[in-house]
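Structure data follow from target.csv (CSV, C-alpha atoms):
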chain,number,residue,atom,x,y,z
A,125,MET,CA,-18.5,-14.1,19.6
A,126,THR,CA,-16.0,-13.5,16.8
A,127,ILE,CA,-12.6,-11.8,17.0
A,128,ARG,CA,-12.2,-9.1,14.4
A,129,ALA,CA,-9.0,-7.1,13.6
A,130,GLN,CA,-10.2,-3.5,13.9
A,131,VAL,CA,-8.4,-0.3,12.8
A,132,ALA,CA,-7.1,1.5,15.9
A,133,GLY,CA,-5.0,4.2,14.1
A,134,VAL,CA,-3.3,5.3,10.9
A,135,GLY,CA,-0.4,7.6,10.0
A,136,HIS,CA,1.9,8.5,7.1
A,137,TYR,CA,5.1,10.2,6.2
A,138,LEU,CA,6.4,11.8,3.0
A,139,PRO,CA,9.9,12.9,2.4
A,140,GLU,CA,10.4,16.7,2.2
A,141,ARG,CA,11.5,16.9,-1.4
A,142,ILE,CA,8.6,17.4,-3.8
A,143,VAL,CA,9.3,16.7,-7.4
A,144,PRO,CA,6.8,18.2,-9.9
A,145,ASN,CA,6.4,16.8,-13.4
A,146,ALA,CA,8.2,19.8,-14.9
A,147,GLU,CA,11.5,18.7,-13.3
A,148,PHE,CA,11.6,15.7,-15.7
A,149,GLU,CA,11.4,18.0,-18.7
A,150,GLN,CA,15.0,19.1,-18.1
A,151,THR,CA,16.4,15.6,-18.7
A,152,LEU,CA,13.8,13.6,-20.6
A,153,ASP,CA,11.7,13.9,-23.8
A,154,THR,CA,8.5,14.3,-21.7
A,155,SER,CA,6.2,17.0,-20.4
A,156,ASP,CA,3.9,17.8,-17.5
A,157,GLU,CA,0.9,17.3,-19.9
A,158,TRP,CA,2.2,13.9,-21.1
A,159,ILE,CA,2.6,12.6,-17.6
A,160,ARG,CA,-0.7,14.0,-16.3
A,161,THR,CA,-2.6,12.6,-19.3
A,162,ARG,CA,-1.2,9.1,-19.1
A,163,SER,CA,-1.1,8.7,-15.3
A,164,GLY,CA,-2.9,11.5,-13.5
A,165,ILE,CA,0.4,12.2,-11.6
A,166,GLU,CA,1.3,15.8,-10.9
A,167,ARG,CA,4.1,15.5,-8.3
A,168,ARG,CA,5.8,12.9,-6.1
A,169,HIS,CA,8.2,12.9,-3.1
A,170,PHE,CA,11.7,11.6,-3.3
A,171,ALA,CA,13.8,10.5,-0.2
A,172,ALA,CA,16.8,12.6,0.7
A,173,GLU,CA,20.3,11.3,0.3
A,174,GLY,CA,21.0,9.0,3.3
A,175,GLN,CA,17.2,8.7,4.0
A,176,ALA,CA,16.3,5.0,4.0
A,177,THR,CA,13.1,3.0,3.8
A,178,SER,CA,13.3,2.3,7.6
A,179,ASP,CA,13.5,6.0,8.3
A,180,LEU,CA,10.2,6.7,6.3
A,181,ALA,CA,8.5,3.7,7.9
A,182,SER,CA,9.5,4.8,11.4
A,183,ARG,CA,8.0,8.2,11.0
A,184,ALA,CA,4.8,6.8,9.7
A,185,ALA,CA,4.7,4.3,12.6
A,186,GLU,CA,5.1,7.2,15.1
A,187,ALA,CA,2.2,9.0,13.4
A,188,ALA,CA,0.0,5.9,13.6
A,189,LEU,CA,0.8,5.3,17.3
A,190,ALA,CA,-0.1,9.0,18.1
A,191,ASP,CA,-3.3,8.6,16.2
A,192,ALA,CA,-4.2,5.5,18.2
A,193,GLY,CA,-3.0,6.9,21.5
A,194,LEU,CA,-0.7,3.9,22.0
A,195,GLN,CA,2.9,3.4,22.9
A,196,PRO,CA,5.4,1.1,21.1
A,197,SER,CA,5.2,-1.4,24.0
A,198,ASP,CA,1.5,-1.8,23.2
A,199,ILE,CA,2.3,-3.4,19.8
A,200,ASP,CA,2.7,-7.2,19.7
A,201,ALA,CA,3.8,-7.5,16.1
A,202,LEU,CA,5.1,-5.2,13.4
A,203,ILE,CA,4.9,-6.1,9.7
A,204,VAL,CA,6.6,-4.0,6.9
A,205,ALA,CA,5.6,-4.4,3.3
A,206,THR,CA,8.4,-3.2,1.1
A,207,SER,CA,10.4,-4.1,-2.1
A,208,THR,CA,13.1,-1.6,-1.3
A,209,PRO,CA,14.7,-2.6,2.1
A,210,ASP,CA,17.6,-0.8,3.6
A,211,LEU,CA,19.7,-3.9,3.4
A,212,THR,CA,19.5,-7.5,2.3
A,213,PHE,CA,19.0,-8.3,5.9
A,214,PRO,CA,18.0,-7.7,8.7
A,215,SER,CA,14.4,-6.8,7.8
A,216,VAL,CA,13.2,-3.3,7.7
A,217,ALA,CA,10.6,-4.3,10.3
A,218,THR,CA,13.3,-5.1,12.9
A,219,MET,CA,15.0,-1.8,12.1
A,220,VAL,CA,11.7,0.1,12.7
A,221,GLN,CA,11.2,-1.9,15.9
A,222,ALA,CA,14.6,-0.6,17.2
A,223,LYS,CA,14.0,3.0,16.1
A,224,LEU,CA,10.7,2.9,18.0
A,225,GLY,CA,12.3,1.5,21.1
A,226,MET,CA,10.0,-1.5,20.9
A,227,GLN,CA,11.8,-4.2,22.8
A,228,THR,CA,9.0,-6.8,22.9
A,229,GLY,CA,7.0,-8.6,20.3
A,230,PHE,CA,8.2,-9.7,16.8
A,231,ALA,CA,8.8,-8.1,13.5
A,232,PHE,CA,9.1,-9.2,9.9
A,233,ASP,CA,8.9,-8.0,6.2
A,234,VAL,CA,6.5,-9.0,3.5
A,235,GLN,CA,7.5,-8.6,-0.2
A,236,ALA,CA,4.7,-8.6,-2.8
A,237,VAL,CA,5.6,-5.3,-4.5
A,238,CYS,CA,2.6,-3.0,-5.0
A,239,ALA,CA,0.3,-5.7,-3.5
A,240,GLY,CA,2.5,-5.9,-0.4
A,241,PHE,CA,0.3,-3.9,1.9
A,242,VAL,CA,-2.7,-6.1,1.1
A,243,TYR,CA,-0.6,-9.2,1.8
A,244,ALA,CA,0.7,-7.7,5.0
A,245,LEU,CA,-2.8,-6.8,6.2
A,246,THR,CA,-3.9,-10.4,5.5
A,247,ASN,CA,-1.0,-11.7,7.6
A,248,ALA,CA,-1.8,-9.2,10.4
A,249,ASN,CA,-5.5,-10.3,10.4
A,250,ALA,CA,-4.5,-14.0,10.6
A,251,LEU,CA,-2.2,-13.2,13.6
A,252,ILE,CA,-5.0,-11.4,15.4
A,253,THR,CA,-7.9,-13.9,14.7
A,254,SER,CA,-5.6,-16.8,15.6
A,255,GLY,CA,-4.9,-15.2,19.0
A,256,THR,CA,-1.1,-15.0,18.2
A,257,ALA,CA,-1.2,-11.2,18.6
A,258,ARG,CA,-3.6,-8.6,20.0
A,259,ARG,CA,-2.2,-5.5,18.3
A,260,VAL,CA,-0.3,-5.5,15.0
A,261,MET,CA,1.2,-2.5,13.2
A,262,VAL,CA,1.2,-2.9,9.4
A,263,ILE,CA,3.5,-0.5,7.4
A,264,GLY,CA,4.0,0.0,3.7
A,265,ALA,CA,7.2,1.9,3.0
A,266,GLU,CA,9.2,2.4,-0.2
A,267,THR,CA,12.1,4.3,-1.6
A,268,PHE,CA,11.5,3.4,-5.3
A,269,SER,CA,13.6,6.4,-6.4
A,270,ARG,CA,16.6,4.1,-5.6
A,271,ILE,CA,15.7,1.6,-8.3
A,272,LEU,CA,14.5,3.8,-11.2
A,273,ASP,CA,16.2,4.1,-14.6
A,274,TRP,CA,16.3,7.9,-15.1
A,275,GLN,CA,16.6,7.4,-18.8
A,276,ASP,CA,13.4,5.4,-19.1
A,277,ARG,CA,10.6,8.0,-19.4
A,278,ALA,CA,7.9,5.3,-19.3
A,279,THR,CA,8.7,4.3,-15.7
A,280,CYS,CA,10.8,6.9,-13.9
A,281,VAL,CA,8.1,9.5,-13.9
A,282,LEU,CA,5.5,7.2,-12.3
A,283,PHE,CA,7.0,6.4,-8.9
A,284,GLY,CA,7.6,8.1,-5.6
A,285,ASP,CA,8.7,7.5,-2.1
A,286,GLY,CA,6.7,7.4,1.1
A,287,ALA,CA,5.3,5.4,4.0
A,288,GLY,CA,2.0,4.7,5.6
A,289,ALA,CA,1.1,2.7,8.7
A,290,LEU,CA,-2.0,1.2,10.2
A,291,ILE,CA,-2.6,-0.4,13.6
A,292,LEU,CA,-5.0,-3.3,14.0
A,293,GLU,CA,-6.3,-4.6,17.3
A,294,ALA,CA,-8.4,-7.5,18.4
A,295,GLN,CA,-12.0,-6.8,19.4
A,296,GLU,CA,-14.9,-9.0,20.0
A,297,ALA,CA,-17.7,-8.8,17.5
A,298,ALA,CA,-21.0,-10.5,16.5
A,299,GLY,CA,-19.6,-12.3,13.5
A,300,THR,CA,-21.8,-10.5,11.0
A,301,PRO,CA,-21.1,-8.4,7.9
A,302,GLN,CA,-21.9,-5.3,10.0
A,303,ASP,CA,-18.9,-5.9,12.3
A,304,ARG,CA,-16.2,-3.3,12.4
A,305,GLY,CA,-12.8,-4.6,11.3
A,306,ILE,CA,-11.5,-6.8,8.6
A,307,LEU,CA,-14.4,-8.8,7.2
A,308,ALA,CA,-12.7,-10.8,4.3
A,309,VAL,CA,-9.5,-11.0,2.3
A,310,ASP,CA,-8.7,-12.3,-1.2
A,311,LEU,CA,-5.2,-13.0,-2.5
A,312,HIS,CA,-3.8,-14.2,-5.8
A,313,SER,CA,-0.5,-14.5,-7.7
A,314,ASP,CA,0.6,-15.8,-11.1
A,315,GLY,CA,4.3,-16.1,-11.7
A,316,ARG,CA,3.8,-16.6,-15.4
A,317,TYR,CA,3.6,-12.8,-15.7
A,318,ARG,CA,6.8,-12.0,-13.9
A,319,ASP,CA,8.3,-10.3,-17.0
A,320,LEU,CA,5.6,-7.6,-17.0
A,321,LEU,CA,6.9,-5.8,-14.0
A,322,TYR,CA,10.3,-6.6,-12.3
A,323,VAL,CA,13.7,-5.3,-11.3
A,324,ASP,CA,16.5,-6.7,-13.6
A,325,GLY,CA,19.0,-7.3,-10.8
A,326,GLY,CA,19.4,-8.7,-7.3
A,327,VAL,CA,21.5,-10.3,-4.7
A,328,SER,CA,21.7,-13.9,-6.0
A,329,THR,CA,22.5,-12.6,-9.5
A,330,ASN,CA,25.1,-10.3,-8.1
A,331,SER,CA,23.9,-7.3,-9.9
A,332,ILE,CA,22.2,-3.9,-9.3
A,333,GLY,CA,19.0,-3.6,-11.2
A,334,HIS,CA,16.3,-1.1,-12.3
A,335,LEU,CA,12.6,-1.3,-12.5
A,336,ARG,CA,11.3,-2.6,-15.8
A,337,MET,CA,7.6,-2.6,-16.9
A,338,GLU,CA,5.4,-3.5,-19.8
A,339,GLY,CA,2.9,-0.8,-19.1
A,340,LYS,CA,0.2,-1.7,-21.6
A,341,GLU,CA,0.1,-5.3,-20.4
A,342,VAL,CA,0.1,-4.4,-16.7
A,343,PHE,CA,-2.8,-2.0,-17.4
A,344,ARG,CA,-4.7,-4.8,-19.2
A,345,HIS,CA,-4.3,-7.2,-16.3
A,346,ALA,CA,-4.9,-4.6,-13.6
A,347,VAL,CA,-8.4,-3.4,-14.3
A,348,SER,CA,-10.0,-6.9,-14.6
A,349,LYS,CA,-8.0,-8.5,-11.8
A,350,LEU,CA,-8.6,-5.7,-9.3
A,351,ALA,CA,-12.3,-5.6,-9.9
A,352,ALA,CA,-12.5,-9.4,-9.6
A,353,THR,CA,-10.5,-9.6,-6.4
A,354,ALA,CA,-12.6,-6.8,-4.8
A,355,GLU,CA,-15.8,-8.6,-5.7
A,356,ALA,CA,-14.4,-11.9,-4.4
A,357,ALA,CA,-13.5,-10.3,-1.0
A,358,LEU,CA,-17.0,-8.7,-0.8
A,359,GLU,CA,-18.7,-12.0,-1.6
A,360,LYS,CA,-16.7,-13.7,1.1
A,361,ALA,CA,-17.9,-11.1,3.5
A,362,GLY,CA,-21.5,-11.6,2.5
A,363,LEU,CA,-21.6,-8.1,0.8
A,364,GLY,CA,-21.8,-6.6,-2.6
A,365,ALA,CA,-20.4,-3.6,-4.5
A,366,SER,CA,-23.5,-1.6,-3.7
A,367,ASP,CA,-22.5,-1.8,0.0
A,368,ILE,CA,-19.2,-0.1,-0.5
A,369,ASP,CA,-18.8,3.4,1.1
A,370,TRP,CA,-15.2,3.9,0.0
A,371,VAL,CA,-12.7,2.2,-2.3
A,372,VAL,CA,-9.0,2.9,-1.4
A,373,PRO,CA,-7.1,1.4,-4.4
A,374,HIS,CA,-3.4,1.1,-5.1
A,375,GLN,CA,-2.5,4.5,-6.4
A,376,ALA,CA,-0.7,3.5,-9.6
A,377,ASN,CA,-2.5,5.3,-12.5
A,378,ILE,CA,-5.7,7.3,-12.6
A,379,ARG,CA,-6.9,5.4,-15.6
A,380,ILE,CA,-6.6,2.0,-13.8
A,381,ILE,CA,-8.3,3.5,-10.7
A,382,ALA,CA,-11.2,4.9,-12.8
A,383,GLY,CA,-11.4,1.7,-14.9
A,384,THR,CA,-11.7,-0.5,-11.8
A,385,ALA,CA,-14.3,1.8,-10.3
A,386,LYS,CA,-16.4,1.6,-13.5
A,387,LYS,CA,-16.1,-2.2,-13.6
A,388,LEU,CA,-17.4,-2.3,-10.0
A,389,GLY,CA,-20.2,0.1,-10.9
A,390,LEU,CA,-19.0,2.8,-8.5
A,391,PRO,CA,-18.8,6.6,-9.0
A,392,MET,CA,-15.4,8.2,-8.5
A,393,GLU,CA,-16.9,10.1,-5.6
A,394,LYS,CA,-16.5,6.9,-3.6
A,395,VAL,CA,-12.9,6.4,-4.6
A,396,VAL,CA,-10.0,7.8,-2.6
A,397,VAL,CA,-7.5,9.3,-5.0
A,398,THR,CA,-4.0,10.5,-4.0
A,399,VAL,CA,-2.0,9.5,-7.1
A,400,GLN,CA,-1.8,13.1,-8.3
A,401,ASP,CA,0.3,14.1,-5.2
A,402,HIS,CA,2.3,10.9,-4.4
A,403,GLY,CA,2.8,9.0,-7.7
A,404,ASN,CA,3.0,5.3,-7.4
A,405,THR,CA,4.5,4.5,-4.0
A,406,SER,CA,4.1,0.8,-4.4
A,407,ALA,CA,3.4,-0.9,-1.0
A,408,ALA,CA,3.0,2.4,0.6
A,409,SER,CA,0.3,3.8,-1.6
A,410,ILE,CA,-2.8,2.2,0.2
A,411,PRO,CA,-1.8,3.1,3.8
A,412,LEU,CA,-0.8,6.6,2.6
A,413,ALA,CA,-4.2,7.0,1.0
A,414,LEU,CA,-6.0,5.7,4.0
A,415,SER,CA,-4.2,8.1,6.3
A,416,VAL,CA,-4.7,11.1,4.1
A,417,ALA,CA,-8.4,10.2,3.7
A,418,LYS,CA,-8.9,9.9,7.4
A,419,SER,CA,-7.1,13.2,8.0
A,420,GLU,CA,-9.6,14.8,5.6
A,421,GLY,CA,-12.5,13.4,7.5
A,422,LYS,CA,-13.7,11.1,4.7
A,423,PHE,CA,-14.3,8.0,6.8
A,424,SER,CA,-17.1,7.5,9.4
A,425,PRO,CA,-17.4,4.7,11.9
A,426,GLY,CA,-19.1,1.7,10.2
A,427,ASP,CA,-18.1,2.7,6.7
A,428,LEU,CA,-17.3,-0.3,4.4
A,429,VAL,CA,-13.9,0.3,2.9
A,430,VAL,CA,-12.4,-1.9,0.2
A,431,THR,CA,-8.7,-1.8,-0.6
A,432,GLU,CA,-7.2,-3.6,-3.7
A,433,ALA,CA,-3.8,-3.7,-5.3
A,434,ILE,CA,-1.8,-5.4,-8.0
A,435,GLY,CA,2.0,-5.6,-8.4
A,436,GLY,CA,4.9,-7.5,-9.8
A,437,GLY,CA,4.7,-11.3,-9.6
A,438,LEU,CA,2.0,-10.7,-10.7
A,439,ALA,CA,0.5,-10.5,-7.2
A,440,TRP,CA,-2.8,-9.0,-6.4
A,441,GLY,CA,-5.6,-9.0,-3.8
A,442,ALA,CA,-8.2,-7.1,-1.8
A,443,VAL,CA,-9.3,-6.5,1.7
A,444,ALA,CA,-12.9,-5.6,2.8
A,445,LEU,CA,-13.0,-3.9,6.2
A,446,ARG,CA,-15.5,-1.9,8.1
A,447,TRP,CA,-14.0,1.3,9.6
Full structure transcribed into structure tokens:
Amino acid sequence: MTIRAQVAGVGHYLPERIVPNAEFEQTLDTSDEWIRTRSGIERRHFAAEGQATSDLASRAAEAALADAGLQPSDIDALIVATSTPDLTFPSVATMVQAKLGMQTGFAFDVQAVCAGFVYALTNANALITSGTARRVMVIGAETFSRILDWQDRATCVLFGDGAGALILEAQEAAGTPQDRGILAVDLHSDGRYRDLLYVDGGVSTNSIGHLRMEGKEVFRHAVSKLAATAEAALEKAGLGASDIDWVVPHQANIRIIAGTAKKLGLPMEKVVVTVQDHGNTSAASIPLALSVAKSEGKFSPGDLVVTEAIGGGLAWGAVALRW
């Protein structure tokens, strides 16, 4: 028998403030049509003043626990993927642990920007398959509105705040591609491309920075790398693109999403798309999309779901799992 990390529950949380594209027309040389045409984004959510990443993450965690019918004490480990922590330290994960009243287990953060949730899922899978933990909660949470340059129309209109959570639990399986749970993962990074997407400040440079991006170059890398990593994860699982029931991609840009689907030979009907409502929520985008899709009844038990993401680093990867 093989131990698989199976999905036990999902949940998400979005801040109350909804910001439509039209709001940017008041301060920038932009328009709703310009933003929609280039990104597919129609609106996004921004955290309220005083609302931190750990607050969003905790609400998503509570929703995932309710969906799974579990209590905080049932969780052995908690991983938060974020690039916008409340503080330099301690980790957001330990803050969430405290907010949930979870006094057992362990918690830590993962930072791989938009690919953070895929990296965190990979860590959670390793903890479960190694026997280190039985149940692991993985959260993607961001308050990117805190690091945006509001004069840069090429970037500030693209991002939003939010959080999504997923609980994995160990279950015995046959060890075949038909098993439920995580079947294979594929991770990559290449630091040569760090200047394509980064924040120009940080603790060790003693400066406060803003997000900077070379959009055309990121787009060029994204489509090819996302399709390739999805195919690699499927190959490791002994499956192919024709086996996919759903792709849940990083919600960065509708053109990237559509381009990746085309490269995989998949119709858009098999792609979960939420970018129009959330914008790019970085590490939160995949778990947000998973939770929304489940709430809409899209997934059936046994469906093959592939998630893939790329972010600053560059860092990218994919996870193939059976729902």
Can you work out which one of A:Leu224, A:Cys280, A:Val396, A:Ala365 has the shortest atom-to-atom distance to A:Glu147, counting only C-alpha atoms? A:Cys280
What separation in Å, quoted to one decimal, exists between atom CA of A:Gly229 and atom CA of A:Trp447?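 A separation of 25.6 Å between them.
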Counting only C-alpha atoms, which residues sit no farther than 10 Å from the position (-2.4, -4.9, 21.3) in the file's frame? I'd like them as a PyMOL selection string. chain A and resi 132+194-201+252+257-261+291-295
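The closest residue to A:Leu412, picked from A:His374, A:His312, A:Arg379, A:Arg160 and counting only C-alpha atoms, is A:His374.
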Contacts of A:Ser254 at 9 Å or less, counting all atoms listed in the file, minus same-chain residues fewer than 4 places along, as a PyMOL selection string? chain A and resi 127+249-250
Near A:Glu393, within 10 Å and counting all atoms listed in the file, which residues show up once chain neighbours fewer than 6 positions away are dropped, as a list of chain:residue names?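 The neighbour list is A:Asp369, A:Trp370, A:Val371, A:Ala385.
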Go ahead and compute the interatomic distance for atom CA of A:Ser163 and atom CA of A:Gly325, in Å to one decimal. 26.1 Å
Closest of A:Asp324, A:Asp276, A:Glu266, A:Asp303 to A:Asp179 - atom-to-atom distances counting only C-alpha atoms: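 Nearest candidate to A:Asp179 out of A:Asp324, A:Asp276, A:Glu266, A:Asp303: A:Glu266.
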Need a file for stretch 143-224 of chain A from that block: C-alpha atoms, written as a PDB file, in the first residue's frame.
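The resulting file, result.pdb, is reproduced below:
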ATOM      1  CA  VAL A 143     -12.229  47.558  -6.180  1.00  0.00           C
ATOM      2  CA  PRO A 144     -13.584  47.690  -9.750  1.00  0.00           C
ATOM      3  CA  ASN A 145     -11.343  48.711 -12.631  1.00  0.00           C
ATOM      4  CA  ALA A 146     -13.182  52.026 -12.926  1.00  0.00           C
ATOM      5  CA  GLU A 147     -11.725  53.142  -9.599  1.00  0.00           C
ATOM      6  CA  PHE A 148      -8.262  53.343 -11.167  1.00  0.00           C
ATOM      7  CA  GLU A 149      -9.514  55.711 -13.857  1.00  0.00           C
ATOM      8  CA  GLN A 150      -9.654  58.465 -11.220  1.00  0.00           C
ATOM      9  CA  THR A 151      -5.882  58.453 -10.566  1.00  0.00           C
ATOM     10  CA  LEU A 152      -4.218  56.758 -13.553  1.00  0.00           C
ATOM     11  CA  ASP A 153      -4.125  57.043 -17.324  1.00  0.00           C
ATOM     12  CA  THR A 154      -6.020  53.787 -17.726  1.00  0.00           C
ATOM     13  CA  SER A 155      -9.514  52.462 -18.303  1.00  0.00           C
ATOM     14  CA  ASP A 156     -11.697  49.491 -17.513  1.00  0.00           C
ATOM     15  CA  GLU A 157     -11.408  48.391 -21.147  1.00  0.00           C
ATOM     16  CA  TRP A 158      -7.594  48.661 -21.110  1.00  0.00           C
ATOM     17  CA  ILE A 159      -7.311  46.516 -17.980  1.00  0.00           C
ATOM     18  CA  ARG A 160      -9.855  43.916 -19.134  1.00  0.00           C
ATOM     19  CA  THR A 161      -8.291  43.587 -22.581  1.00  0.00           C
ATOM     20  CA  ARG A 162      -4.763  43.040 -21.280  1.00  0.00           C
ATOM     21  CA  SER A 163      -5.442  40.955 -18.189  1.00  0.00           C
ATOM     22  CA  GLY A 164      -9.050  39.755 -18.040  1.00  0.00           C
ATOM     23  CA  ILE A 165      -9.370  41.390 -14.620  1.00  0.00           C
ATOM     24  CA  GLU A 166     -12.606  43.207 -13.799  1.00  0.00           C
ATOM     25  CA  ARG A 167     -12.311  43.685 -10.041  1.00  0.00           C
ATOM     26  CA  ARG A 168     -10.191  42.702  -7.051  1.00  0.00           C
ATOM     27  CA  HIS A 169     -10.370  42.841  -3.246  1.00  0.00           C
ATOM     28  CA  PHE A 170      -8.147  45.007  -1.043  1.00  0.00           C
ATOM     29  CA  ALA A 171      -7.556  44.432   2.652  1.00  0.00           C
ATOM     30  CA  ALA A 172      -8.860  47.031   5.065  1.00  0.00           C
ATOM     31  CA  GLU A 173      -6.554  49.276   7.056  1.00  0.00           C
ATOM     32  CA  GLY A 174      -5.205  47.212   9.941  1.00  0.00           C
ATOM     33  CA  GLN A 175      -6.143  43.921   8.255  1.00  0.00           C
ATOM     34  CA  ALA A 176      -3.001  41.786   7.902  1.00  0.00           C
ATOM     35  CA  THR A 177      -2.092  38.680   5.933  1.00  0.00           C
ATOM     36  CA  SER A 178      -2.506  36.504   9.038  1.00  0.00           C
ATOM     37  CA  ASP A 179      -6.074  37.785   9.428  1.00  0.00           C
ATOM     38  CA  LEU A 180      -6.986  36.722   5.893  1.00  0.00           C
ATOM     39  CA  ALA A 181      -5.187  33.396   6.311  1.00  0.00           C
ATOM     40  CA  SER A 182      -6.985  32.629   9.570  1.00  0.00           C
ATOM     41  CA  ARG A 183     -10.408  33.198   8.031  1.00  0.00           C
ATOM     42  CA  ALA A 184      -9.563  30.905   5.117  1.00  0.00           C
ATOM     43  CA  ALA A 185      -8.237  28.302   7.572  1.00  0.00           C
ATOM     44  CA  GLU A 186     -11.487  28.381   9.554  1.00  0.00           C
ATOM     45  CA  ALA A 187     -13.459  27.850   6.339  1.00  0.00           C
ATOM     46  CA  ALA A 188     -11.282  24.874   5.353  1.00  0.00           C
ATOM     47  CA  LEU A 189     -11.656  23.298   8.796  1.00  0.00           C
ATOM     48  CA  ALA A 190     -15.441  23.671   8.582  1.00  0.00           C
ATOM     49  CA  ASP A 191     -15.451  22.142   5.093  1.00  0.00           C
ATOM     50  CA  ALA A 192     -13.420  19.155   6.338  1.00  0.00           C
ATOM     51  CA  GLY A 193     -15.391  18.778   9.576  1.00  0.00           C
ATOM     52  CA  LEU A 194     -12.187  19.084  11.601  1.00  0.00           C
ATOM     53  CA  GLN A 195     -10.931  21.010  14.614  1.00  0.00           C
ATOM     54  CA  PRO A 196      -7.612  22.905  14.878  1.00  0.00           C
ATOM     55  CA  SER A 197      -6.335  20.160  17.201  1.00  0.00           C
ATOM     56  CA  ASP A 198      -6.719  17.674  14.315  1.00  0.00           C
ATOM     57  CA  ILE A 199      -4.014  19.468  12.302  1.00  0.00           C
ATOM     58  CA  ASP A 200      -0.405  18.316  12.715  1.00  0.00           C
ATOM     59  CA  ALA A 201       1.287  20.972  10.595  1.00  0.00           C
ATOM     60  CA  LEU A 202       0.379  24.326   9.102  1.00  0.00           C
ATOM     61  CA  ILE A 203       2.193  25.870   6.129  1.00  0.00           C
ATOM     62  CA  VAL A 204       1.539  29.386   4.849  1.00  0.00           C
ATOM     63  CA  ALA A 205       2.753  30.475   1.419  1.00  0.00           C
ATOM     64  CA  THR A 206       3.123  34.253   1.339  1.00  0.00           C
ATOM     65  CA  SER A 207       5.373  37.055   0.124  1.00  0.00           C
ATOM     66  CA  THR A 208       3.620  39.661   2.280  1.00  0.00           C
ATOM     67  CA  PRO A 209       4.036  38.547   5.911  1.00  0.00           C
ATOM     68  CA  ASP A 210       2.710  40.652   8.773  1.00  0.00           C
ATOM     69  CA  LEU A 211       6.211  41.014  10.224  1.00  0.00           C
ATOM     70  CA  THR A 212       9.759  40.009   9.361  1.00  0.00           C
ATOM     71  CA  PHE A 213       9.262  37.322  11.993  1.00  0.00           C
ATOM     72  CA  PRO A 214       7.624  35.350  13.491  1.00  0.00           C
ATOM     73  CA  SER A 215       6.058  33.509  10.569  1.00  0.00           C
ATOM     74  CA  VAL A 216       2.492  34.129   9.463  1.00  0.00           C
ATOM     75  CA  ALA A 217       1.910  30.415  10.017  1.00  0.00           C
ATOM     76  CA  THR A 218       2.602  30.650  13.747  1.00  0.00           C
ATOM     77  CA  MET A 219       0.316  33.680  13.957  1.00  0.00           C
ATOM     78  CA  VAL A 220      -2.450  31.687  12.282  1.00  0.00           C
ATOM     79  CA  GLN A 221      -1.721  28.789  14.611  1.00  0.00           C
ATOM     80  CA  ALA A 222      -2.328  31.110  17.572  1.00  0.00           C
ATOM     81  CA  LYS A 223      -5.460  32.687  16.075  1.00  0.00           C
ATOM     82  CA  LEU A 224      -6.938  29.208  15.534  1.00  0.00           C
TER      83      LEU A 224
END
